[in-house]
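Note sheet for the following structure.
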Amino acid sequence: MKIDVLSIFPGYLAPLRESLIGKAVDRGVIELGVHDLRRWTYDVHRTVDDSPYGGGPGMLMRAEPWGLALDELAPVDGPQPRLVVPTPAGRPFTQALANELAAEPWLLFACGRYEGIDARVVEYAADRMVVDEVSLGDYVLAGGEVAVLVMVEAIGRLLPGVLGNVASHEQDSFSDGLLEGPAYTRPEVWRGRPVPDVLLSGHHAAIARWRRDEALRRTAARRPDLLSAVTLDTTDRKVLAE
Ligand code: ADE
């Protein structure tokens, strides 16, 4: 997968060279390009912002550097990336969207700063590429860079060959619509606290049932909003009624 990121703070994206995603970049599973938006400014001050028409506080990112950057990274007559624009006004970033984006050959992330980007940039891009304005959650960050770190990590770990154990994202929180329950490793008793007996039983069906029960209980306690999208059988319903 090709991933390009446009930002006025390219240094903010340095963590993409570390750990799991960094290894995927080193191995060529992810072809990463981080680009400084100011490369596409031509005035002495390399200006990327200006005050908003109609007044109001703060500054907006000017359209022109974005237009030039998009045209150079994704020329109009060539293949087009899917453009992802982090913004608190976007649709929520979810595991389902991470799965969808992980299936794309090319993603281009556009990091806004200040009060955002002139709205014509997204309109202009949408004439030739799929554009998603995406929010991480109901809070306001200082810019899109941290949101991109989050999204690239969530997407990157889904790519074939990035996680050591392919089965491990099949058990993630959200892959069955539920939060994952508690997990334990050695020792069997730690500071007087034993691991639940069933996990030591070797009884695979009982372990799977216990894990499902814990996931159901945790989801009901912490994220009851998720349960409406989960298919529950009679055993599940009984556990939730306890
Ligand atoms: N930029 C600023 N706040 C954001 C948020 N909550 N999600 C995505 N991008 C953002």
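Convention: chains lettered A, B, ... in structure tokens order; per-chain residue numbering from 1; ligands numbered from 1 as shown.
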>> Using only C-alpha atoms and all ligand atoms, which residues have at least one atom no more than 9 Å from ligand 1? Output them as a VMD selection string.
In response: chain A and resid 85 to 90 92 to 93 111 to 116 133 to 148
Using the selection just defined, write its residues with N, CA and C atoms as a PDB file, in the first residue's frame.
ATOM      1  N   VAL A  85      -9.097  13.221   4.981  1.00  0.00           N
ATOM      2  CA  VAL A  85      -8.885  14.517   5.621  1.00  0.00           C
ATOM      3  C   VAL A  85      -9.387  14.444   7.058  1.00  0.00           C
ATOM      4  N   PRO A  86      -8.478  14.416   8.046  1.00  0.00           N
ATOM      5  CA  PRO A  86      -8.920  14.385   9.438  1.00  0.00           C
ATOM      6  C   PRO A  86      -9.525  15.719   9.838  1.00  0.00           C
ATOM      7  N   THR A  87     -10.681  15.662  10.415  1.00  0.00           N
ATOM      8  CA  THR A  87     -11.356  16.875  10.903  1.00  0.00           C
ATOM      9  C   THR A  87     -12.408  16.474  11.924  1.00  0.00           C
ATOM     10  N   PRO A  88     -12.573  17.279  12.992  1.00  0.00           N
ATOM     11  CA  PRO A  88     -13.613  16.943  13.966  1.00  0.00           C
ATOM     12  C   PRO A  88     -15.003  16.978  13.338  1.00  0.00           C
ATOM     13  N   ALA A  89     -15.126  17.578  12.146  1.00  0.00           N
ATOM     14  CA  ALA A  89     -16.427  17.633  11.454  1.00  0.00           C
ATOM     15  C   ALA A  89     -16.638  16.434  10.529  1.00  0.00           C
ATOM     16  N   GLY A  90     -15.730  15.441  10.592  1.00  0.00           N
ATOM     17  CA  GLY A  90     -15.843  14.289   9.691  1.00  0.00           C
ATOM     18  C   GLY A  90     -16.729  13.191  10.230  1.00  0.00           C
ATOM     19  N   PRO A  92     -17.182   9.400  11.818  1.00  0.00           N
ATOM     20  CA  PRO A  92     -16.336   8.756  12.822  1.00  0.00           C
ATOM     21  C   PRO A  92     -15.390   7.707  12.218  1.00  0.00           C
ATOM     22  N   PHE A  93     -14.171   7.692  12.698  1.00  0.00           N
ATOM     23  CA  PHE A  93     -13.223   6.626  12.345  1.00  0.00           C
ATOM     24  C   PHE A  93     -13.553   5.403  13.188  1.00  0.00           C
ATOM     25  N   CYS A 111      -3.279  16.793   6.305  1.00  0.00           N
ATOM     26  CA  CYS A 111      -3.373  17.281   7.687  1.00  0.00           C
ATOM     27  C   CYS A 111      -3.637  18.779   7.714  1.00  0.00           C
ATOM     28  N   GLY A 112      -4.808  19.146   8.204  1.00  0.00           N
ATOM     29  CA  GLY A 112      -5.111  20.559   8.407  1.00  0.00           C
ATOM     30  C   GLY A 112      -4.562  21.025   9.744  1.00  0.00           C
ATOM     31  N   ARG A 113      -4.355  22.316   9.843  1.00  0.00           N
ATOM     32  CA  ARG A 113      -3.976  22.985  11.113  1.00  0.00           C
ATOM     33  C   ARG A 113      -4.873  24.198  11.259  1.00  0.00           C
ATOM     34  N   TYR A 114      -4.675  24.967  12.283  1.00  0.00           N
ATOM     35  CA  TYR A 114      -5.478  26.175  12.537  1.00  0.00           C
ATOM     36  C   TYR A 114      -6.961  25.792  12.565  1.00  0.00           C
ATOM     37  N   GLU A 115      -7.805  26.596  11.935  1.00  0.00           N
ATOM     38  CA  GLU A 115      -9.246  26.305  11.957  1.00  0.00           C
ATOM     39  C   GLU A 115      -9.667  25.407  10.794  1.00  0.00           C
ATOM     40  N   GLY A 116      -8.708  24.794  10.118  1.00  0.00           N
ATOM     41  CA  GLY A 116      -9.029  23.881   9.021  1.00  0.00           C
ATOM     42  C   GLY A 116      -8.543  24.399   7.679  1.00  0.00           C
ATOM     43  N   GLU A 133     -13.757  12.786   4.821  1.00  0.00           N
ATOM     44  CA  GLU A 133     -13.431  13.627   5.968  1.00  0.00           C
ATOM     45  C   GLU A 133     -13.762  12.794   7.199  1.00  0.00           C
ATOM     46  N   VAL A 134     -12.763  12.606   8.062  1.00  0.00           N
ATOM     47  CA  VAL A 134     -12.869  11.608   9.121  1.00  0.00           C
ATOM     48  C   VAL A 134     -12.518  12.216  10.474  1.00  0.00           C
ATOM     49  N   SER A 135     -13.326  11.900  11.480  1.00  0.00           N
ATOM     50  CA  SER A 135     -13.070  12.374  12.845  1.00  0.00           C
ATOM     51  C   SER A 135     -12.687  11.215  13.752  1.00  0.00           C
ATOM     52  N   LEU A 136     -11.708  11.470  14.611  1.00  0.00           N
ATOM     53  CA  LEU A 136     -11.318  10.447  15.584  1.00  0.00           C
ATOM     54  C   LEU A 136     -12.276  10.374  16.751  1.00  0.00           C
ATOM     55  N   GLY A 137     -12.943  11.458  17.042  1.00  0.00           N
ATOM     56  CA  GLY A 137     -13.825  11.466  18.202  1.00  0.00           C
ATOM     57  C   GLY A 137     -14.291  12.876  18.473  1.00  0.00           C
ATOM     58  N   ASP A 138     -15.147  13.006  19.463  1.00  0.00           N
ATOM     59  CA  ASP A 138     -15.771  14.295  19.734  1.00  0.00           C
ATOM     60  C   ASP A 138     -14.916  15.151  20.657  1.00  0.00           C
ATOM     61  N   TYR A 139     -13.777  15.531  20.116  1.00  0.00           N
ATOM     62  CA  TYR A 139     -12.867  16.454  20.803  1.00  0.00           C
ATOM     63  C   TYR A 139     -12.044  17.110  19.711  1.00  0.00           C
ATOM     64  N   VAL A 140     -11.411  18.219  20.026  1.00  0.00           N
ATOM     65  CA  VAL A 140     -10.696  18.959  18.989  1.00  0.00           C
ATOM     66  C   VAL A 140      -9.184  18.888  19.237  1.00  0.00           C
ATOM     67  N   LEU A 141      -8.470  18.348  18.261  1.00  0.00           N
ATOM     68  CA  LEU A 141      -7.017  18.297  18.304  1.00  0.00           C
ATOM     69  C   LEU A 141      -6.472  19.582  17.690  1.00  0.00           C
ATOM     70  N   ALA A 142      -5.164  19.795  17.855  1.00  0.00           N
ATOM     71  CA  ALA A 142      -4.570  21.015  17.294  1.00  0.00           C
ATOM     72  C   ALA A 142      -4.334  20.888  15.797  1.00  0.00           C
ATOM     73  N   GLY A 143      -4.425  19.671  15.270  1.00  0.00           N
ATOM     74  CA  GLY A 143      -4.216  19.471  13.837  1.00  0.00           C
ATOM     75  C   GLY A 143      -4.435  18.014  13.489  1.00  0.00           C
ATOM     76  N   GLY A 144      -4.343  17.703  12.213  1.00  0.00           N
ATOM     77  CA  GLY A 144      -4.647  16.351  11.760  1.00  0.00           C
ATOM     78  C   GLY A 144      -3.537  15.330  11.961  1.00  0.00           C
ATOM     79  N   GLU A 145      -2.331  15.790  12.325  1.00  0.00           N
ATOM     80  CA  GLU A 145      -1.182  14.866  12.337  1.00  0.00           C
ATOM     81  C   GLU A 145      -1.365  13.695  13.284  1.00  0.00           C
ATOM     82  N   VAL A 146      -1.798  13.972  14.511  1.00  0.00           N
ATOM     83  CA  VAL A 146      -1.964  12.885  15.480  1.00  0.00           C
ATOM     84  C   VAL A 146      -3.068  11.932  15.022  1.00  0.00           C
ATOM     85  N   ALA A 147      -4.106  12.493  14.407  1.00  0.00           N
ATOM     86  CA  ALA A 147      -5.178  11.650  13.872  1.00  0.00           C
ATOM     87  C   ALA A 147      -4.635  10.715  12.785  1.00  0.00           C
ATOM     88  N   VAL A 148      -3.703  11.226  11.984  1.00  0.00           N
ATOM     89  CA  VAL A 148      -3.113  10.385  10.935  1.00  0.00           C
ATOM     90  C   VAL A 148      -2.278   9.265  11.551  1.00  0.00           C
TER      91      VAL A 148
END
>> Env of Ala183 in chain A: 12 Å cut, atoms = only C-alpha atoms, seq-sep filter 5 positions within chain, self excluded. Answer as a PyMOL selection string.
In response: chain A and resi 171-172+195-196+199+207+210-211+214-215
Could you turn the residues from that selection into a file that holds C-alpha atoms, as an mmCIF file, in the first residue's frame?
data_model
loop_
_atom_site.group_PDB
_atom_site.id
_atom_site.type_symbol
_atom_site.label_atom_id
_atom_site.label_comp_id
_atom_site.auth_asym_id
_atom_site.auth_seq_id
_atom_site.Cartn_x
_atom_site.Cartn_y
_atom_site.Cartn_z
ATOM 1 C CA GLN A 171 -9.947 -11.564 18.051
ATOM 2 C CA ASP A 172 -9.553 -7.814 18.437
ATOM 3 C CA VAL A 195 -6.127 -16.588 36.773
ATOM 4 C CA PRO A 196 -9.759 -17.725 36.176
ATOM 5 C CA LEU A 199 -8.496 -20.651 31.228
ATOM 6 C CA ILE A 207 -12.871 -21.100 27.191
ATOM 7 C CA TRP A 210 -16.183 -17.707 28.917
ATOM 8 C CA ARG A 211 -14.458 -15.207 26.618
ATOM 9 C CA GLU A 214 -16.771 -11.581 29.459
ATOM 10 C CA ALA A 215 -16.895 -9.648 26.164
#
> Residues of range 17-226 of chain A in alpha helix (DSSP H) according to DSSP, as a PyMOL selection string?
Replying inline: chain A and resi 19-26+63-73+95-102+120-126+145-156+204-222+224-226
>> Would you pick out the contacts of range 224-236 of chain A at 8 Å or less, using only C-alpha atoms, so that residues sharing its chain but fewer than 3 positions from it are not included, and give the list as a ChimeraX atom specification?
In response: /A:176-178,213,216,219-221,239-240
Can I get the selected residues back with C-alpha atoms, as a PDB file, in the first residue's frame?
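Output below, filename out-v3.pdb:
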ATOM      1  CA  ASP A 176     -17.139  -9.296  16.392  1.00  0.00           C
ATOM      2  CA  GLY A 177     -18.730  -6.009  17.432  1.00  0.00           C
ATOM      3  CA  LEU A 178     -17.854  -6.525  21.120  1.00  0.00           C
ATOM      4  CA  ASP A 213     -19.479 -13.950  28.241  1.00  0.00           C
ATOM      5  CA  LEU A 216     -20.682  -9.352  26.440  1.00  0.00           C
ATOM      6  CA  THR A 219     -19.548  -4.268  26.357  1.00  0.00           C
ATOM      7  CA  ALA A 220     -22.835  -3.970  28.270  1.00  0.00           C
ATOM      8  CA  ALA A 221     -21.054  -2.126  31.098  1.00  0.00           C
ATOM      9  CA  VAL A 239     -25.609 -13.804  30.165  1.00  0.00           C
ATOM     10  CA  LEU A 240     -26.653 -10.192  29.640  1.00  0.00           C
TER      11      LEU A 240
END
> If you measure from CA of Val162 in chain A to CA of Val34 in chain A, what distance in Å do you get, rounded to one decimal?
Replying inline: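 So the two atoms, CA of Val162 in chain A and CA of Val34 in chain A, lie 20.0 Å apart.
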>> Give me the residues near range 118-123 of chain A as a list in words, where near means some atom within 7 Å (using only C-alpha atoms) and where sequence neighbours in that chain fewer than 4 positions away do not count.
In response: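 Those residues are Leu60, Met61, Arg62, Ala63, Trp66, Gly67 and Asp127 of chain A.
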Neighbour list for Ile3 in chain A as an mmCIF file with C-alpha atoms, in the first residue's frame, cut-off 9 Å, only C-alpha atoms, skip fewer than 3 positions in-chain:
data_model
loop_
_atom_site.group_PDB
_atom_site.id
_atom_site.type_symbol
_atom_site.label_atom_id
_atom_site.label_comp_id
_atom_site.auth_asym_id
_atom_site.auth_seq_id
_atom_site.Cartn_x
_atom_site.Cartn_y
_atom_site.Cartn_z
ATOM 1 C CA ILE A 30 3.930 0.270 3.117
ATOM 2 C CA GLU A 31 5.480 2.768 0.725
ATOM 3 C CA LEU A 32 5.429 5.934 2.864
ATOM 4 C CA GLY A 33 5.846 9.500 1.649
ATOM 5 C CA VAL A 34 5.701 12.401 4.127
ATOM 6 C CA PRO A 81 -5.474 7.985 -4.239
ATOM 7 C CA PRO A 105 -3.905 0.605 -2.920
ATOM 8 C CA TRP A 106 -3.148 4.266 -2.185
ATOM 9 C CA LEU A 107 -4.127 6.646 0.621
ATOM 10 C CA LEU A 108 -3.281 10.322 0.790
ATOM 11 C CA PHE A 109 -3.757 12.027 4.161
ATOM 12 C CA VAL A 152 -2.231 4.704 9.810
#
